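Trainee: First, the structure itself, so that you have it in front of you.
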Amino acid sequence: MQRIPDATQLTDLDGDELADLYAYPGKREQSWLRVNFVSSIDGAVTGPGGVSGALGTPADKRVFHLLRELCEVVLVGAGTVRAENYGGALTDPRLRRDLFGRGIGGHADGTPPPIAIVTASAALDPEHRVITTARTPTLILTTAAAPAERKRALADAGAEVIEIGDEVIEPRAVPEALTARGLRRVLCEGGPQLFGSLAAEGAVDELCLTTAPLLVGGAARRISVSHEEFGLRMTPAHLLFDTDGTMLIRWVRG
């Protein structure tokens with residue numbers, strides 16, 4: 001029987017201790033796809049107002065920012081970019097260099113991770129702040145069939161357009177395309193359809209799930225949506241809690 005880890009209060013951990021808990025496993029050459037989500041107690045992926053930010057707590061925000069410091073690329077669907085009004089990743093150069101030196105994440109020269117956006121149709125405004133505020137060029141993962149004028153406009157705006165499919169994007173092609181560019185420590189921030197498609201293909205190595213102390217009701221979606229059911233066994237790696245009732249569990253593929 002799998003033993004559930006003892007719960008640790010988040011405020012008892014300093015920055016280094018928390019980073020060690022969320023360290024990417026293995027060597028830097030090992031690919032690892034981590035997913036980060038927040039949900040309500042009753043399983044809603046969005047809070048009042050229809051955005052995930054409404055579920056945010058201080059504990060969730062602390063871990064959210066740490067996970068970005070640790071990763072090499074932030075992976076997200078275009079729908080989430082629009083709904084959450086994404087901008088370029090803002091990270092601490094000194095911290096990223098320190099994490100890299102410790103071998104647990106970050107980047108050698110401290111540059112922020114790029115935002116990689118999955119959109120088969122390249123349907124994204126070239127003037128969206130996810131492109132205009134990016135310190136590291138945004139990656140657009142799209143298809144050969146996407147309108148050429150859209151791809152050209154995104155490239156002219158400073159994004160790097162990467163075709164990884166003819167008419168559709170196969171889930172496995174997403175992490176493979178990132179790995180081909182040396183981006184192996186991946187942080188996926190959703191949305192539910194992207195997470196569901198990757199999990200259904202067995203491409204997800206880890207889920208960092210925050211449960212906010214809130215009941216939402218309504219018709220909000222779950223964190224994972226897919227066309228077919230799948231049974232991906234996960235094992236709890238650690239359990240954290242905050243004094244406001246926030247629970248944070250790191251689940252690793254069994």
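Each chain in the structure tokens gets a letter, A, B and so on, in the order shown; residues start at 1 in every chain, and ligands are counted from 1 in the order they appear.
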Just asking: which residues within stretch 87-225 of chain A are alpha helix (DSSP H) according to DSSP, as an MDAnalysis selection string?
Mentor: chainID A and resid 93:101 129:132 148:156 173:180 192:200
Trainee: Among stretch 115-200 of chain A, which ones does DSSP assign to strand (DSSP E) (computed from the backbone)? Answer as an NGL selection string.
Mentor: :A and (115-118 or 139-142 or 160-163 or 185-188)
Trainee: Could you give me, as a tab-separated table, every stretch 156-204 of chain A residue with an atom at most 10 Å from stretch 97-113 of chain A, plus its closest atom pair and distance in Å to one decimal, counting only C-alpha atoms, rows ordered by chain then number?
Mentor:
residue	atom	partner	partner_atom	distance
A:Leu183	CA	A:Pro113	CA	9.2
A:Arg185	CA	A:Gly105	CA	7.5
A:Val186	CA	A:Pro113	CA	9.6
A:Leu187	CA	A:Pro113	CA	9.7
Trainee: Save out the residues we just selected, N, CA, C and O atoms, as an mmCIF file, in the first residue's frame.
Mentor:
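Below you can see out-v6.cif, which holds the result:
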data_model
loop_
_atom_site.group_PDB
_atom_site.id
_atom_site.type_symbol
_atom_site.label_atom_id
_atom_site.label_comp_id
_atom_site.auth_asym_id
_atom_site.auth_seq_id
_atom_site.Cartn_x
_atom_site.Cartn_y
_atom_site.Cartn_z
ATOM 1 N N LEU A 183 14.440 22.169 -24.847
ATOM 2 C CA LEU A 183 13.543 22.574 -23.756
ATOM 3 C C LEU A 183 12.901 21.322 -23.175
ATOM 4 O O LEU A 183 11.844 20.880 -23.636
ATOM 5 N N ARG A 185 12.578 20.565 -19.573
ATOM 6 C CA ARG A 185 11.866 20.719 -18.301
ATOM 7 C C ARG A 185 10.666 21.621 -18.543
ATOM 8 O O ARG A 185 10.762 22.846 -18.512
ATOM 9 N N VAL A 186 9.534 20.955 -18.801
ATOM 10 C CA VAL A 186 8.344 21.642 -19.291
ATOM 11 C C VAL A 186 7.348 21.862 -18.153
ATOM 12 O O VAL A 186 7.102 20.955 -17.345
ATOM 13 N N LEU A 187 6.770 23.054 -18.101
ATOM 14 C CA LEU A 187 5.700 23.374 -17.163
ATOM 15 C C LEU A 187 4.449 23.697 -17.964
ATOM 16 O O LEU A 187 4.383 24.719 -18.646
#
Trainee: Counting only C-alpha atoms, figure out which residue out of A:Leu194, A:Ala134, A:Val216, A:Ile41 gets nearest to A:Leu90.
Mentor: A:Ala134
Trainee: Taking only C-alpha atoms into account, which of A:Ala54, A:Thr210, A:Ile164, A:Val35 comes nearest A:Phe241?
Mentor: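 Ranking A:Ala54, A:Thr210, A:Ile164, A:Val35 by distance to A:Phe241, first place goes to A:Thr210.
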Trainee: Under the rule that only C-alpha atoms are counted, which of A:Gln9, A:Pro126, A:Ser40, A:Glu189 is the nearest residue to A:Arg68?
Mentor: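 Going through A:Gln9, A:Pro126, A:Ser40, A:Glu189 one by one, the smallest distance to A:Arg68 is for A:Glu189.
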Trainee: For A:Val168, please output as a list of chain:residue names all residues within 10 Å (counting only C-alpha atoms; exclusion window: fewer than 4 positions along the same chain).
Mentor: A:Thr119, A:Ala120, A:Ser121, A:Thr142, A:Thr143, A:Ala144, A:Ala145, A:Ala146, A:Ile164
Trainee: Restrict the selected residues to N, CA, C and O atoms and save them as a PDB file, in the first residue's frame.
Mentor:
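For reference, out-v7.pdb as written:
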ATOM      1  N   THR A 119      -1.712  26.135 -30.763  1.00  0.00           N
ATOM      2  CA  THR A 119      -2.861  26.618 -31.511  1.00  0.00           C
ATOM      3  C   THR A 119      -2.780  26.100 -32.941  1.00  0.00           C
ATOM      4  O   THR A 119      -1.969  26.586 -33.739  1.00  0.00           O
ATOM      5  N   ALA A 120      -3.599  25.120 -33.270  1.00  0.00           N
ATOM      6  CA  ALA A 120      -3.548  24.494 -34.594  1.00  0.00           C
ATOM      7  C   ALA A 120      -3.823  25.487 -35.706  1.00  0.00           C
ATOM      8  O   ALA A 120      -3.308  25.356 -36.814  1.00  0.00           O
ATOM      9  N   SER A 121      -4.628  26.503 -35.422  1.00  0.00           N
ATOM     10  CA  SER A 121      -5.011  27.471 -36.454  1.00  0.00           C
ATOM     11  C   SER A 121      -4.212  28.763 -36.390  1.00  0.00           C
ATOM     12  O   SER A 121      -4.475  29.693 -37.164  1.00  0.00           O
ATOM     13  N   THR A 142       2.025  25.266 -34.048  1.00  0.00           N
ATOM     14  CA  THR A 142       0.864  25.286 -34.929  1.00  0.00           C
ATOM     15  C   THR A 142       1.012  24.244 -36.039  1.00  0.00           C
ATOM     16  O   THR A 142       1.841  23.326 -35.936  1.00  0.00           O
ATOM     17  N   THR A 143       0.214  24.365 -37.089  1.00  0.00           N
ATOM     18  CA  THR A 143       0.193  23.379 -38.166  1.00  0.00           C
ATOM     19  C   THR A 143       0.547  24.012 -39.505  1.00  0.00           C
ATOM     20  O   THR A 143       0.488  25.239 -39.681  1.00  0.00           O
ATOM     21  N   ALA A 144       0.860  23.144 -40.453  1.00  0.00           N
ATOM     22  CA  ALA A 144       1.138  23.615 -41.810  1.00  0.00           C
ATOM     23  C   ALA A 144      -0.108  24.202 -42.456  1.00  0.00           C
ATOM     24  O   ALA A 144      -0.020  25.088 -43.307  1.00  0.00           O
ATOM     25  N   ALA A 145      -1.282  23.703 -42.040  1.00  0.00           N
ATOM     26  CA  ALA A 145      -2.538  24.150 -42.636  1.00  0.00           C
ATOM     27  C   ALA A 145      -3.028  25.484 -42.091  1.00  0.00           C
ATOM     28  O   ALA A 145      -3.941  26.088 -42.664  1.00  0.00           O
ATOM     29  N   ALA A 146      -2.456  25.959 -41.017  1.00  0.00           N
ATOM     30  CA  ALA A 146      -2.869  27.252 -40.469  1.00  0.00           C
ATOM     31  C   ALA A 146      -2.612  28.351 -41.491  1.00  0.00           C
ATOM     32  O   ALA A 146      -1.634  28.292 -42.245  1.00  0.00           O
ATOM     33  N   ILE A 164       4.167  21.757 -36.216  1.00  0.00           N
ATOM     34  CA  ILE A 164       4.377  20.413 -35.675  1.00  0.00           C
ATOM     35  C   ILE A 164       3.271  19.446 -36.109  1.00  0.00           C
ATOM     36  O   ILE A 164       3.094  18.393 -35.502  1.00  0.00           O
TER      37      ILE A 164
END
Trainee: So which residues touch A:Ser226 within 10 Å, counting only C-alpha atoms, skipping near sequence neighbours fewer than 4 positions away, as a ChimeraX atom specification?
Mentor: /A:192-200,230
Trainee: Under the rule of at most 9 Å, produce a per-residue listing of stretch 32-62 of chain A near stretch 10-28 of chain A: chain, number, name, the closest pair of atoms, and the distance in Å, as a tab-separated table, using only C-alpha atoms.
Mentor:
residue	atom	partner	partner_atom	distance
A:Trp32	CA	A:Tyr24	CA	7.4
A:Arg34	CA	A:Tyr24	CA	8.9
A:Ala59	CA	A:Leu10	CA	7.3
Trainee: When you count only C-alpha atoms, which of these residues is closest to A:Leu67: A:Val81, A:Leu33, A:Leu178, A:Ala148?
Mentor: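 The shortest atom-to-atom distance to A:Leu67 comes from A:Leu33.
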Trainee: Of the candidates A:Leu209, A:Val74, A:Leu95, A:Leu248, which shows the shortest atom-to-atom distance to A:Ser224, using only C-alpha atoms?
Mentor: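 Counting only C-alpha atoms, the residue closest to A:Ser224 is A:Leu209.
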Trainee: In Å, with one decimal, what is the gap from atom CA of A:Thr243 to atom CA of A:Gly50?
Mentor: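 Taking atom CA of A:Thr243 and atom CA of A:Gly50, their separation equals 25.6 Å.
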Trainee: Might you pull out every residue within 9 Å of A:Leu207, with only C-alpha atoms counted and same-chain residues fewer than 4 positions away left off, and present them as a PDB file with N, CA and C atoms, in the first residue's frame?
Mentor:
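Wrote selection-v2.pdb, looks like this:
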ATOM      1  N   LEU A  33       7.585  16.436 -18.124  1.00  0.00           N
ATOM      2  CA  LEU A  33       6.447  17.325 -18.345  1.00  0.00           C
ATOM      3  C   LEU A  33       5.629  17.416 -17.062  1.00  0.00           C
ATOM      4  N   ARG A  34       5.682  18.601 -16.483  1.00  0.00           N
ATOM      5  CA  ARG A  34       4.962  18.903 -15.236  1.00  0.00           C
ATOM      6  C   ARG A  34       3.747  19.763 -15.570  1.00  0.00           C
ATOM      7  N   VAL A  35       2.616  19.448 -14.948  1.00  0.00           N
ATOM      8  CA  VAL A  35       1.389  20.227 -15.136  1.00  0.00           C
ATOM      9  C   VAL A  35       1.049  20.898 -13.812  1.00  0.00           C
ATOM     10  N   ASN A  36       0.652  22.155 -13.858  1.00  0.00           N
ATOM     11  CA  ASN A  36       0.270  22.887 -12.644  1.00  0.00           C
ATOM     12  C   ASN A  36      -1.150  23.414 -12.793  1.00  0.00           C
ATOM     13  N   PHE A  37      -1.994  23.082 -11.808  1.00  0.00           N
ATOM     14  CA  PHE A  37      -3.382  23.535 -11.831  1.00  0.00           C
ATOM     15  C   PHE A  37      -3.832  23.908 -10.427  1.00  0.00           C
ATOM     16  N   MET A 234      -1.242   7.777 -10.455  1.00  0.00           N
ATOM     17  CA  MET A 234      -0.349   8.796  -9.912  1.00  0.00           C
ATOM     18  C   MET A 234      -0.040   8.490  -8.451  1.00  0.00           C
ATOM     19  N   ILE A 249      -0.589  19.423  -3.484  1.00  0.00           N
ATOM     20  CA  ILE A 249      -0.068  18.061  -3.609  1.00  0.00           C
ATOM     21  C   ILE A 249       0.687  17.932  -4.917  1.00  0.00           C
ATOM     22  N   ARG A 250       1.850  17.335  -4.826  1.00  0.00           N
ATOM     23  CA  ARG A 250       2.627  17.010  -6.026  1.00  0.00           C
ATOM     24  C   ARG A 250       2.426  15.538  -6.325  1.00  0.00           C
ATOM     25  N   TRP A 251       1.787  15.257  -7.469  1.00  0.00           N
ATOM     26  CA  TRP A 251       1.505  13.894  -7.901  1.00  0.00           C
ATOM     27  C   TRP A 251       2.467  13.509  -9.013  1.00  0.00           C
ATOM     28  N   VAL A 252       3.118  12.350  -8.890  1.00  0.00           N
ATOM     29  CA  VAL A 252       4.059  11.866  -9.893  1.00  0.00           C
ATOM     30  C   VAL A 252       3.510  10.592 -10.513  1.00  0.00           C
ATOM     31  N   ARG A 253       3.723  10.423 -11.801  1.00  0.00           N
ATOM     32  CA  ARG A 253       3.220   9.245 -12.490  1.00  0.00           C
ATOM     33  C   ARG A 253       3.709   7.972 -11.808  1.00  0.00           C
TER      34      ARG A 253
END
Trainee: Report, in Å to a single decimal, how far apart atom CA of A:Arg233 and atom CA of A:Ala180 are.
Mentor: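 For atom CA of A:Ala180 relative to atom CA of A:Arg233, the distance reads 27.5 Å.
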Trainee: As an exercise, work out the distance from atom CA of A:Thr80 to atom CA of A:Asp242 in Å and give it to one decimal place.
Mentor: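 Atom-to-atom, atom CA of A:Thr80 to atom CA of A:Asp242, that is 26.8 Å.
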